[in-house]
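Undergrad: Provided below: my_file-v6.txt, containing compact mmCIF, C-alpha atoms.
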```
# COMPACT_ATOMS: atom_id res chain seq x y z
CA MET A 1 24.23 102.74 112.49
CA THR A 2 28.01 103.11 112.75
CA SER A 3 29.06 106.43 114.21
CA VAL A 4 31.43 108.70 112.35
CA ALA A 5 33.91 108.44 115.21
CA THR A 6 34.41 104.73 114.67
CA LEU A 7 35.37 105.34 111.06
CA GLN A 8 38.35 107.52 111.99
CA PRO A 9 41.65 105.62 111.87
CA ASP A 10 43.62 105.30 115.07
CA PRO A 11 46.37 107.90 115.25
CA ALA A 12 49.82 106.59 114.50
CA PRO A 13 51.82 105.86 117.66
CA ILE A 14 54.42 108.43 118.61
CA VAL A 15 57.81 106.77 118.08
CA ALA A 16 60.04 109.77 118.74
CA CYS A 17 60.07 113.17 120.40
CA THR A 18 62.17 116.27 120.22
CA ILE A 19 63.08 117.74 123.60
CA SER A 20 64.32 121.32 123.78
CA ARG A 21 63.87 124.64 125.50
CA ASP A 22 62.17 125.93 122.34
CA VAL A 23 62.00 123.71 119.26
CA GLN A 24 61.52 126.81 117.07
CA ASN A 25 65.22 127.50 117.61
CA PHE A 26 65.91 124.24 115.72
CA ASP A 27 63.80 124.68 112.58
CA LEU A 28 66.04 122.39 110.54
CA LEU A 29 65.41 119.65 113.09
CA ILE A 30 61.66 120.10 112.68
CA ASP A 31 61.98 119.71 108.91
CA ASP A 32 64.11 116.58 109.21
CA MET A 33 61.84 114.97 111.81
CA GLU A 34 58.84 115.52 109.56
CA LEU A 35 60.76 114.15 106.59
CA GLU A 36 61.85 110.98 108.42
CA LEU A 37 58.83 110.30 110.65
CA GLY A 38 55.84 112.10 109.17
CA GLU A 39 53.25 112.53 111.93
CA SER A 40 54.76 109.90 114.24
CA TRP A 41 56.70 112.31 116.41
CA GLY A 42 56.03 114.91 119.06
CA ASP A 43 57.68 117.84 120.76
CA LEU A 44 58.37 118.31 124.46
CA SER A 45 59.86 121.14 126.47
CA PHE A 46 62.40 120.48 129.21
CA GLU A 47 59.64 121.04 131.78
CA ASP A 48 57.27 118.48 130.23
CA ALA A 49 59.84 115.85 129.22
CA LEU A 50 60.40 114.26 132.63
CA LEU A 51 56.66 114.09 133.31
CA PHE A 52 55.91 112.47 129.94
CA LEU A 53 58.74 109.95 130.19
CA GLU A 54 57.22 108.67 133.43
CA GLN A 55 53.82 108.13 131.77
CA PRO A 56 52.70 104.85 130.12
CA ASP A 57 52.29 106.73 126.82
CA SER A 58 56.08 106.95 126.54
CA ALA A 59 56.32 103.18 126.08
CA THR A 60 56.03 103.56 122.29
CA LEU A 61 59.03 105.90 122.05
CA GLN A 62 62.04 104.50 120.20
CA PHE A 63 64.24 107.56 120.65
CA VAL A 64 64.26 111.20 121.66
CA ALA A 65 66.17 113.97 119.90
CA LEU A 66 67.53 116.17 122.68
CA ALA A 67 68.34 119.59 121.18
CA VAL A 68 70.51 121.95 123.22
CA ASP A 69 72.47 125.12 122.53
CA GLY A 70 74.96 127.25 124.42
CA ARG A 71 72.24 128.94 126.49
CA ASP A 72 71.16 125.57 127.90
CA GLU A 73 74.49 124.90 129.62
CA ALA A 74 73.19 126.66 132.72
CA ASP A 75 70.44 124.01 132.85
CA LEU A 76 72.62 120.91 132.52
CA THR A 77 71.25 119.35 135.71
CA ARG A 78 67.74 119.08 134.32
CA ILE A 79 69.03 117.91 130.93
CA THR A 80 71.09 115.17 132.56
CA ASP A 81 67.99 114.03 134.46
CA ILE A 82 66.14 113.74 131.16
CA ILE A 83 68.92 111.60 129.64
CA ARG A 84 69.06 109.33 132.69
CA THR A 85 65.28 108.87 132.73
CA ALA A 86 65.18 108.07 129.00
CA LYS A 87 67.98 105.54 129.30
CA ALA A 88 66.30 103.90 132.30
CA LYS A 89 63.17 103.46 130.15
CA GLY A 90 65.19 101.89 127.33
CA ILE A 91 64.69 104.94 125.08
CA LYS A 92 67.67 105.90 122.95
CA VAL A 93 68.95 109.47 122.86
CA ILE A 94 70.26 111.47 119.90
CA LEU A 95 72.01 114.62 121.08
CA ILE A 96 71.61 117.65 118.79
CA ALA A 97 74.09 120.31 119.89
CA ASP A 98 74.54 123.89 118.72
CA GLN A 99 77.51 125.85 120.10
CA VAL A 100 77.80 123.77 123.27
CA SER A 101 81.22 123.90 124.94
CA PRO A 102 83.38 120.76 124.70
CA VAL A 103 83.15 120.23 128.47
CA GLY A 104 79.34 120.42 128.49
CA LEU A 105 79.07 118.21 125.42
CA HIS A 106 81.41 115.65 126.91
CA GLN A 107 79.35 115.55 130.10
CA LEU A 108 76.12 114.90 128.17
CA LEU A 109 77.72 112.21 126.03
CA ARG A 110 79.13 110.43 129.05
CA LEU A 111 75.64 110.14 130.51
CA GLY A 112 74.75 107.74 127.73
CA ALA A 113 73.60 109.66 124.67
CA ASP A 114 73.60 107.07 121.87
CA ASP A 115 74.55 109.42 119.05
CA PHE A 116 75.62 112.99 118.42
CA VAL A 117 74.70 115.27 115.52
CA PRO A 118 75.91 118.88 115.27
CA TYR A 119 73.51 121.71 114.49
CA PRO A 120 72.87 123.06 111.87
CA LEU A 121 72.15 119.52 110.72
CA PRO A 122 74.22 118.33 107.74
CA ASP A 123 72.20 116.81 104.91
CA GLY A 124 71.08 113.30 105.82
CA ALA A 125 72.76 113.41 109.25
CA LEU A 126 69.56 112.74 111.20
CA ARG A 127 68.59 109.90 108.86
CA GLU A 128 72.00 108.29 109.36
CA ALA A 129 71.78 108.71 113.14
CA ILE A 130 68.35 107.04 113.21
CA ALA A 131 69.66 104.20 111.05
CA ARG A 132 72.57 103.68 113.44
CA LEU A 133 70.15 103.52 116.38
CA HIS A 134 68.08 100.87 114.64
CA SER A 135 71.16 98.83 113.76
CA THR A 136 72.43 98.85 117.36
CA PRO A 137 70.50 96.54 119.72
CA ALA A 138 69.54 97.99 123.06
CA PRO A 139 71.90 96.75 125.77
CA GLU A 140 70.46 94.35 128.29
CA PRO A 141 70.71 95.41 131.93
CA ALA A 142 73.64 93.78 133.63
CA ALA A 143 72.85 91.18 136.26
CA PRO A 144 73.81 92.32 139.76
CA ALA A 145 76.90 90.67 141.14
CA PRO A 146 76.53 88.44 144.20
CA ALA A 147 77.17 90.24 147.46
CA SER A 148 80.07 87.95 148.25
CA ALA A 149 81.74 88.34 144.86
CA PRO A 150 85.12 90.10 145.05
CA VAL A 151 85.56 93.41 143.24
CA ALA A 152 87.31 92.84 139.93
CA GLU A 153 90.61 94.59 139.58
CA THR A 154 91.21 96.91 136.64
CA PRO A 155 93.30 94.98 134.13
CA HIS A 156 96.79 96.26 133.51
CA LEU A 157 96.92 98.23 130.28
CA PRO A 158 100.12 98.05 128.22
CA THR A 159 101.50 101.58 128.07
CA PRO A 160 104.85 102.77 126.64
CA SER A 161 107.72 101.60 128.83
CA PHE A 162 110.29 104.17 127.70
CA LYS A 163 110.76 107.61 129.21
CA ALA A 164 110.03 110.79 127.29
CA LYS A 165 113.42 112.26 126.39
CA GLY A 166 112.52 114.40 123.38
CA ASP A 167 115.50 113.01 121.49
CA ARG A 168 113.71 112.13 118.24
CA ASP A 169 112.53 114.04 115.18
CA GLY A 170 109.77 111.86 113.80
CA VAL A 171 108.52 111.59 110.24
CA VAL A 172 104.83 112.62 110.14
CA LEU A 173 102.64 110.48 107.85
CA PRO A 174 98.95 111.42 107.89
CA VAL A 175 96.42 109.16 106.15
CA HIS A 176 93.24 110.76 104.80
CA GLY A 177 90.37 108.94 103.12
CA MET A 178 88.93 110.81 100.16
CA ALA A 179 85.55 109.18 100.84
CA GLY A 180 84.02 106.96 103.48
CA GLY A 181 84.95 103.29 103.34
CA VAL A 182 88.01 103.58 101.12
CA GLY A 183 90.17 101.79 103.70
CA ALA A 184 92.12 104.69 105.20
CA SER A 185 92.03 103.40 108.80
CA THR A 186 93.01 99.90 107.66
CA PHE A 187 95.92 101.37 105.71
CA ALA A 188 97.02 103.58 108.63
CA CYS A 189 96.98 100.75 111.18
CA ASN A 190 98.83 98.31 108.96
CA LEU A 191 101.37 100.87 107.77
CA ALA A 192 102.14 101.78 111.39
CA TRP A 193 102.56 98.11 112.33
CA GLU A 194 104.78 97.35 109.34
CA LEU A 195 107.00 100.31 110.21
CA ALA A 196 107.20 99.14 113.83
CA THR A 197 108.36 95.67 112.72
CA VAL A 198 110.30 96.55 109.57
CA ALA A 199 113.71 95.45 110.92
CA LYS A 200 115.48 94.15 114.00
CA ASP A 201 116.49 97.69 114.83
CA ALA A 202 112.95 98.83 114.06
CA PRO A 203 112.10 102.50 114.58
CA ARG A 204 109.86 103.72 117.38
CA VAL A 205 106.42 104.23 115.84
CA CYS A 206 103.18 105.76 117.10
CA LEU A 207 99.71 105.80 115.58
CA ILE A 208 97.45 108.78 116.42
CA ASP A 209 93.73 108.47 115.70
CA LEU A 210 92.34 111.98 115.17
CA ASP A 211 88.89 110.84 114.05
CA PHE A 212 87.16 111.74 117.32
CA GLN A 213 83.78 110.43 116.19
CA TYR A 214 84.31 107.21 114.25
CA GLY A 215 87.98 106.41 114.87
CA ALA A 216 88.60 102.70 114.28
CA ALA A 217 92.24 102.26 115.29
CA SER A 218 91.30 100.92 118.73
CA THR A 219 88.91 98.41 117.12
CA TYR A 220 91.37 97.25 114.48
CA LEU A 221 94.07 96.72 117.13
CA ASP A 222 91.74 95.48 119.90
CA LEU A 223 92.67 98.26 122.32
CA PRO A 224 90.37 99.96 124.83
CA ARG A 225 89.60 103.66 124.61
CA ARG A 226 90.93 105.54 127.62
CA GLU A 227 89.59 108.55 129.47
CA ALA A 228 93.14 109.89 129.54
CA VAL A 229 92.86 110.65 125.82
CA PHE A 230 90.06 113.15 126.45
CA ASP A 231 92.08 114.71 129.27
CA ILE A 232 94.92 115.39 126.83
CA LEU A 233 92.65 116.73 124.08
CA SER A 234 90.70 119.02 126.40
CA ASP A 235 93.81 120.72 127.81
CA THR A 236 96.84 120.30 125.57
CA SER A 237 98.48 123.41 126.98
CA SER A 238 98.90 121.64 130.33
CA ALA A 239 100.00 118.32 128.80
CA ASP A 240 103.61 117.30 128.52
CA SER A 241 105.33 114.38 126.83
CA ASP A 242 105.05 112.20 129.93
CA SER A 243 101.26 112.61 130.17
CA PHE A 244 100.97 112.17 126.40
CA LEU A 245 102.81 108.84 126.56
CA HIS A 246 100.78 107.81 129.61
CA ALA A 247 97.58 108.26 127.58
CA MET A 248 98.89 105.85 124.92
CA LEU A 249 98.53 102.09 124.72
CA THR A 250 101.01 99.63 123.28
CA PHE A 251 100.08 96.93 120.79
CA ASN A 252 102.24 93.81 121.09
CA ASP A 253 104.98 95.83 122.81
CA LYS A 254 105.99 97.48 119.52
CA LEU A 255 103.37 99.92 118.27
CA HIS A 256 102.25 102.83 120.44
CA VAL A 257 98.69 104.05 119.87
CA PHE A 258 96.90 107.26 120.85
CA THR A 259 93.32 106.10 120.31
CA ALA A 260 90.22 108.15 119.61
CA PRO A 261 88.35 109.25 122.76
CA ALA A 262 85.90 106.92 124.47
CA ASP A 263 82.97 109.20 123.65
CA MET A 264 81.91 110.65 120.33
CA LEU A 265 83.16 114.24 120.29
CA PRO A 266 82.91 117.12 117.80
CA LEU A 267 85.96 117.51 115.60
CA ASP A 268 86.34 121.14 116.69
CA ILE A 269 86.91 120.14 120.31
CA VAL A 270 90.56 120.93 119.53
CA THR A 271 92.13 123.91 117.82
CA ALA A 272 94.98 124.06 115.33
CA GLU A 273 97.30 124.97 118.22
CA ASP A 274 96.18 121.88 120.16
CA ILE A 275 96.91 119.58 117.22
CA GLY A 276 100.27 121.27 116.73
CA ARG A 277 101.23 120.53 120.35
CA ILE A 278 100.20 116.87 120.02
CA ILE A 279 102.25 116.43 116.84
CA ASP A 280 105.22 118.19 118.45
CA MET A 281 105.16 115.77 121.42
CA ALA A 282 104.84 112.78 119.10
CA GLN A 283 107.67 113.90 116.82
CA ALA A 284 109.97 114.50 119.79
CA ASN A 285 109.57 110.93 121.05
CA PHE A 286 109.00 108.75 117.95
CA ASP A 287 110.75 108.07 114.66
CA PHE A 288 107.51 107.72 112.68
CA VAL A 289 104.15 109.32 113.49
CA VAL A 290 101.24 107.86 111.53
CA ILE A 291 98.04 109.92 111.84
CA ASP A 292 94.61 108.54 110.97
CA MET A 293 92.67 111.61 109.84
CA PRO A 294 88.89 112.13 109.73
CA THR A 295 87.34 112.24 106.27
CA THR A 296 85.97 115.70 107.06
CA ILE A 297 88.14 118.75 106.38
CA VAL A 298 88.35 120.79 109.59
CA ALA A 299 90.15 123.92 110.77
CA TRP A 300 93.19 121.96 111.95
CA THR A 301 93.61 119.87 108.76
CA GLU A 302 95.90 122.63 107.51
CA THR A 303 98.10 122.19 110.61
CA VAL A 304 98.53 118.47 109.96
CA LEU A 305 99.23 119.03 106.27
CA SER A 306 101.87 121.66 107.01
CA ARG A 307 103.62 119.35 109.53
CA ALA A 308 103.42 116.28 107.28
CA HIS A 309 106.37 114.89 105.39
CA VAL A 310 104.05 112.85 103.16
CA TYR A 311 100.25 113.16 103.23
CA PHE A 312 98.63 109.93 102.00
CA ALA A 313 95.25 110.43 100.31
CA LEU A 314 93.37 107.16 99.82
CA MET A 315 90.83 106.83 97.05
CA GLU A 316 89.02 104.24 94.99
CA LEU A 317 88.28 103.92 91.30
CA ASP A 318 84.88 105.59 91.50
CA LEU A 319 83.23 108.93 90.82
CA ARG A 320 82.83 110.01 94.45
CA SER A 321 86.56 109.69 95.11
CA ALA A 322 87.36 111.56 91.90
CA GLN A 323 85.02 114.42 92.74
CA ASN A 324 86.33 114.73 96.30
CA VAL A 325 89.95 114.71 95.14
CA LEU A 326 89.17 117.41 92.60
CA ARG A 327 87.49 119.61 95.22
CA LEU A 328 90.22 119.08 97.82
CA VAL A 329 93.10 119.85 95.46
CA ARG A 330 91.27 122.91 94.18
CA ALA A 331 90.74 124.13 97.76
CA LEU A 332 94.38 123.58 98.72
CA LYS A 333 95.63 125.43 95.67
CA ALA A 334 93.24 128.33 96.29
CA GLU A 335 94.62 128.72 99.82
CA ALA A 336 98.23 128.28 98.66
CA LEU A 337 98.63 125.25 100.93
CA PRO A 338 101.33 122.61 100.28
CA HIS A 339 99.25 120.28 98.07
CA GLU A 340 102.45 118.84 96.64
CA LYS A 341 102.87 116.84 99.87
CA MET A 342 99.89 114.68 98.93
CA ARG A 343 100.56 111.17 97.67
CA PHE A 344 97.50 109.58 96.12
CA VAL A 345 96.91 105.94 96.95
CA LEU A 346 94.42 103.88 94.94
CA ASN A 347 92.95 101.16 97.12
CA ARG A 348 91.32 98.04 95.67
CA ALA A 349 93.20 98.73 92.46
CA PRO A 350 92.53 96.53 89.41
CA LYS A 351 94.65 93.49 88.79
CA PHE A 352 97.55 93.65 86.36
CA THR A 353 95.66 91.61 83.79
CA ASP A 354 92.56 93.87 83.86
CA LEU A 355 93.66 96.14 81.03
CA GLY A 356 90.31 97.92 80.78
CA ALA A 357 90.37 98.98 84.41
CA LYS A 358 94.04 99.93 84.12
CA SER A 359 93.17 102.35 81.35
CA ARG A 360 90.40 103.80 83.55
CA VAL A 361 92.97 104.46 86.27
CA LYS A 362 95.18 106.28 83.78
CA ARG A 363 92.30 108.39 82.46
CA MET A 364 91.21 109.20 86.03
CA ALA A 365 94.68 110.43 86.97
CA GLU A 366 94.94 112.52 83.81
CA SER A 367 91.52 114.10 84.25
CA LEU A 368 92.31 115.02 87.86
CA ASP A 369 95.85 116.16 86.98
CA ILE A 370 97.36 114.01 89.72
CA ASP A 371 99.83 111.15 89.95
CA ILE A 372 98.49 107.95 91.52
CA GLU A 373 101.82 106.76 92.86
CA ILE A 374 100.64 103.79 94.92
CA GLN A 375 98.13 101.13 93.90
CA LEU A 376 97.01 98.67 96.56
CA PRO A 377 95.35 95.37 95.61
CA ASP A 378 92.01 94.26 96.99
CA GLY A 379 92.73 92.25 100.13
CA GLY A 380 89.28 90.64 100.04
CA SER A 381 87.52 89.16 103.04
CA GLY A 382 90.83 88.61 104.83
CA VAL A 383 91.02 92.34 105.56
CA THR A 384 87.61 92.41 107.24
CA GLN A 385 88.46 89.29 109.23
CA ALA A 386 91.74 90.78 110.45
CA ASN A 387 90.03 94.02 111.46
CA ASP A 388 87.27 92.16 113.29
CA HIS A 389 89.87 90.12 115.16
CA GLY A 390 91.74 93.28 116.14
CA LEU A 391 94.96 92.25 114.41
CA PRO A 392 97.14 93.72 111.66
CA LEU A 393 97.23 91.73 108.43
CA ALA A 394 100.80 90.68 109.20
CA GLU A 395 99.54 88.86 112.30
CA ASN A 396 96.34 87.42 110.82
CA ALA A 397 96.93 87.00 107.07
CA ALA A 398 100.63 87.49 106.37
CA LYS A 399 100.38 86.39 102.73
CA ASN A 400 97.49 88.69 101.90
CA PRO A 401 98.39 90.73 98.78
CA LEU A 402 97.38 94.00 100.47
CA ARG A 403 99.71 93.25 103.38
CA ARG A 404 102.62 92.59 101.01
CA GLU A 405 102.19 95.97 99.29
CA ILE A 406 101.96 97.87 102.57
CA GLN A 407 105.04 95.99 103.79
CA LYS A 408 106.96 97.12 100.69
CA LEU A 409 105.86 100.71 101.25
CA ALA A 410 106.94 100.62 104.90
CA LYS A 411 110.34 99.22 103.92
CA SER A 412 110.85 101.97 101.33
CA LEU A 413 109.89 104.66 103.87
CA PHE A 414 112.26 103.17 106.44
CA ASP A 415 115.15 102.95 103.97
CA LEU A 416 114.53 106.48 102.72
CA ASN A 417 114.55 107.84 106.27
CA LYS A 418 117.77 105.94 107.00
CA SER A 419 119.49 107.44 103.96
CA VAL A 420 118.33 110.95 104.89
CA GLU A 421 119.66 110.53 108.41
CA ALA A 422 122.95 109.20 107.06
CA GLY A 423 123.21 112.23 104.76
CA LYS A 424 122.66 114.57 107.70
CA GLY A 425 125.35 112.75 109.67
```
Would you put the structure from the file into structure tokens?

TA:
Amino acid sequence: MTSVATLQPDPAPIVACTISRDVQNFDLLIDDMELELGESWGDLSFEDALLFLEQPDSATLQFVALAVDGRDEADLTRITDIIRTAKAKGIKVILIADQVSPVGLHQLLRLGADDFVPYPLPDGALREAIARLHSTPAPEPAAPAPASAPVAETPHLPTPSFKAKGDRDGVVLPVHGMAGGVGASTFACNLAWELATVAKDAPRVCLIDLDFQYGAASTYLDLPRREAVFDILSDTSSADSDSFLHAMLTFNDKLHVFTAPADMLPLDIVTAEDIGRIIDMAQANFDFVVIDMPTTIVAWTETVLSRAHVYFALMELDLRSAQNVLRLVRALKAEALPHEKMRFVLNRAPKFTDLGAKSRVKRMAESLDIDIEIQLPDGGSGVTQANDHGLPLAENAAKNPLRREIQKLAKSLFDLNKSVEAGKG
């Protein structure tokens, strides 16, 4: 006769664990873990985590969610040991942080945490972090170099060759996507490059990537992310124009880029005063300052808007863009902020012959009570190819229709600035 015990199904393997001082302090994390994983997850304290990770039972773990708050900063040594042990076992780490100082957070991220999610958890943030972990293959351990192999020298990085004189008064042009994937970073990178090459006596142009988490400027221009960027962001009061320029990289000897940091950092790692100092240094040394903004509205967005000459807001012909534009404009008006600086840019706009879509654009603008002053054509697969190759469209697909429109916009901005300067003279 078969025993009752043999009829019980095997328990599902544990594929993830939360690790914290007390998981009850992260009740939203408990809810999200249950929602995403059901019964296939466990909970460990800091004391038990290292012991469990050394056991064979940990072989089924795909990731751990390491939850820390400000009180845990005194215990960073043990937390770093947990991260190192997990990484050595090939287990990915999602860092859940609540009121951790920028220095402590940076230290934990540098140890190899694969993703970062702030606490309280935004809706769907844990699901998105898990999806990113699954889409990123685990890195293979590097083969040890032969004992006789010479140590490779650090390649020379192209940095600005001019000296900081503070003799400029740059035009500030932020670019803000009204929704994810609308092409804001592509627009910012290509606009900056077109301005830098607009004429023989081209202006001095810099591109600043302020999306500290998913900034793509370094990818789209094939530039490395430098530790010097974090040094500037973490202590802007001690930075001067020389150190700011030293943290930059130069693309093709013409465009100067202040990339996003090497590690994923919270957007509030800087204050409004910090951002103001960075823009001041950029304006004093460049003719045009193009800023790639995060999609998220943060405390220092107001600072950038107030310093901007023109604030480009990119959108698409869809409901999510329309709703976000409506909410943003309403918020700016409620706070009496200079919403009139915004210039709405419709990316992937319909073709001239698509009369039905053209009428939709008109109705959208009327319903939102805005003017869509710039309409950019769909650049197609050529845009993705250029971005993947780390080149502006002008260098990879010069005849692309999107490139031609951005080139026209850059020329008009350059000419307008010239006429304003002539009027001042």

Undergrad: Go through A:Asn190, A:Leu255, A:Ile297, A:Glu128 one by one, measure the shortest atom-to-atom distance of each to Ala398 (chain A) using all atoms listed in the file, and give the residue with the smallest value.

TA: A:Asn190

Undergrad: Quick one: everything within 9 Å of Val304 (chain A), counting only C-alpha atoms, minus sequence neighbours fewer than 3 positions away in the same chain. Send it as a list in words.

TA: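 Residues meeting the cut-off are Val172, Pro174, Ala272, Ile275, Gly276, Ile279, Ile291, Trp300, Thr301, Arg307, Ala308 and Tyr311 of chain A.
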
Undergrad: Hey, can you pull every residue with an atom no more than 8 Å from (87.7, 115.4, 115.5), using all atoms listed in the file, and send it as number ranges by chain?

TA: A: 210-213, 265-270, 294

Undergrad: For CA of Asp209 (chain A) and CA of Pro261 (chain A), quote the distance in Å rounded to one decimal.

TA: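 These atoms are spaced 8.9 Å apart.
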
Undergrad: Quick one, how far is CA of Ala74 (chain A) from CA of Asp27 (chain A)?

TA: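 Straight-line distance from CA of Ala74 (chain A) to CA of Asp27 (chain A) works out to 22.3 Å.
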
Undergrad: Find the residues around Arg343 (chain A) up to 8 Å (only C-alpha atoms counted), leave out those fewer than 5 positions away in its own chain, and share them as number ranges by chain.

TA: A: 310-313, 371-374

Undergrad: Atoms to include: C-alpha atoms. Write the selected residues as an mmCIF file, keeping the file's coordinate frame.

TA:
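Output contents, as saved in selection.cif:
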```cif
data_model
loop_
_atom_site.group_PDB
_atom_site.id
_atom_site.type_symbol
_atom_site.label_atom_id
_atom_site.label_comp_id
_atom_site.auth_asym_id
_atom_site.auth_seq_id
_atom_site.Cartn_x
_atom_site.Cartn_y
_atom_site.Cartn_z
ATOM 1 C CA VAL A 310 104.050 112.850 103.160
ATOM 2 C CA TYR A 311 100.250 113.160 103.230
ATOM 3 C CA PHE A 312 98.630 109.930 102.000
ATOM 4 C CA ALA A 313 95.250 110.430 100.310
ATOM 5 C CA ASP A 371 99.830 111.150 89.950
ATOM 6 C CA ILE A 372 98.490 107.950 91.520
ATOM 7 C CA GLU A 373 101.820 106.760 92.860
ATOM 8 C CA ILE A 374 100.640 103.790 94.920
#
```

Undergrad: Considering only C-alpha atoms, state which residue in the set A:Thr303, A:Ser135, A:Asn400, A:Gln24 is at the smallest distance from Gln385 (chain A).

TA: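 Smallest separation from Gln385 (chain A) among the options: A:Asn400.
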
Undergrad: Calculate how many Å separate CA of Ala125 (chain A) from CA of Phe52 (chain A), rounding to one decimal.

TA: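 Going from CA of Ala125 (chain A) over to CA of Phe52 (chain A) covers 26.7 Å.
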
Undergrad: May I ask which of the residues A:Leu207, A:Val171, A:Leu319, A:Ala247 is the closest one to Gln283 (chain A), counting all atoms listed in the file?

TA: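 Once distances to Gln283 (chain A) are computed over all atoms listed in the file, the minimum belongs to A:Val171.
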
Undergrad: For region 355-360 of chain A, please output as a list in words all residues within 12 Å (counting all atoms listed in the file; exclusion window: fewer than 4 positions along the same chain).

TA: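 Once the nearby chain positions are removed, what remains is Glu316, Leu317, Asp318, Leu319, Ala322, Leu346, Arg348, Ala349, Pro350, Lys351, Met364, Ala365, Glu366, Ser367, Ile372 and Gln375 of chain A.
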
Undergrad: Fewer than 6 positions away in the same chain doesn't count, so skip those; otherwise give me all residues within 12 Å of Ile130 (chain A), counting only C-alpha atoms, as a list in words.

TA: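 So, after excluding close chain neighbours, the residues are Val15, Ala16, Asp32, Met33, Glu36, Leu37, Gln62, Phe63, Val64, Ala65, Lys92, Val93, Ile94, Leu95, Asp114, Asp115, Phe116, Val117, Gly124 and Thr136 of chain A.
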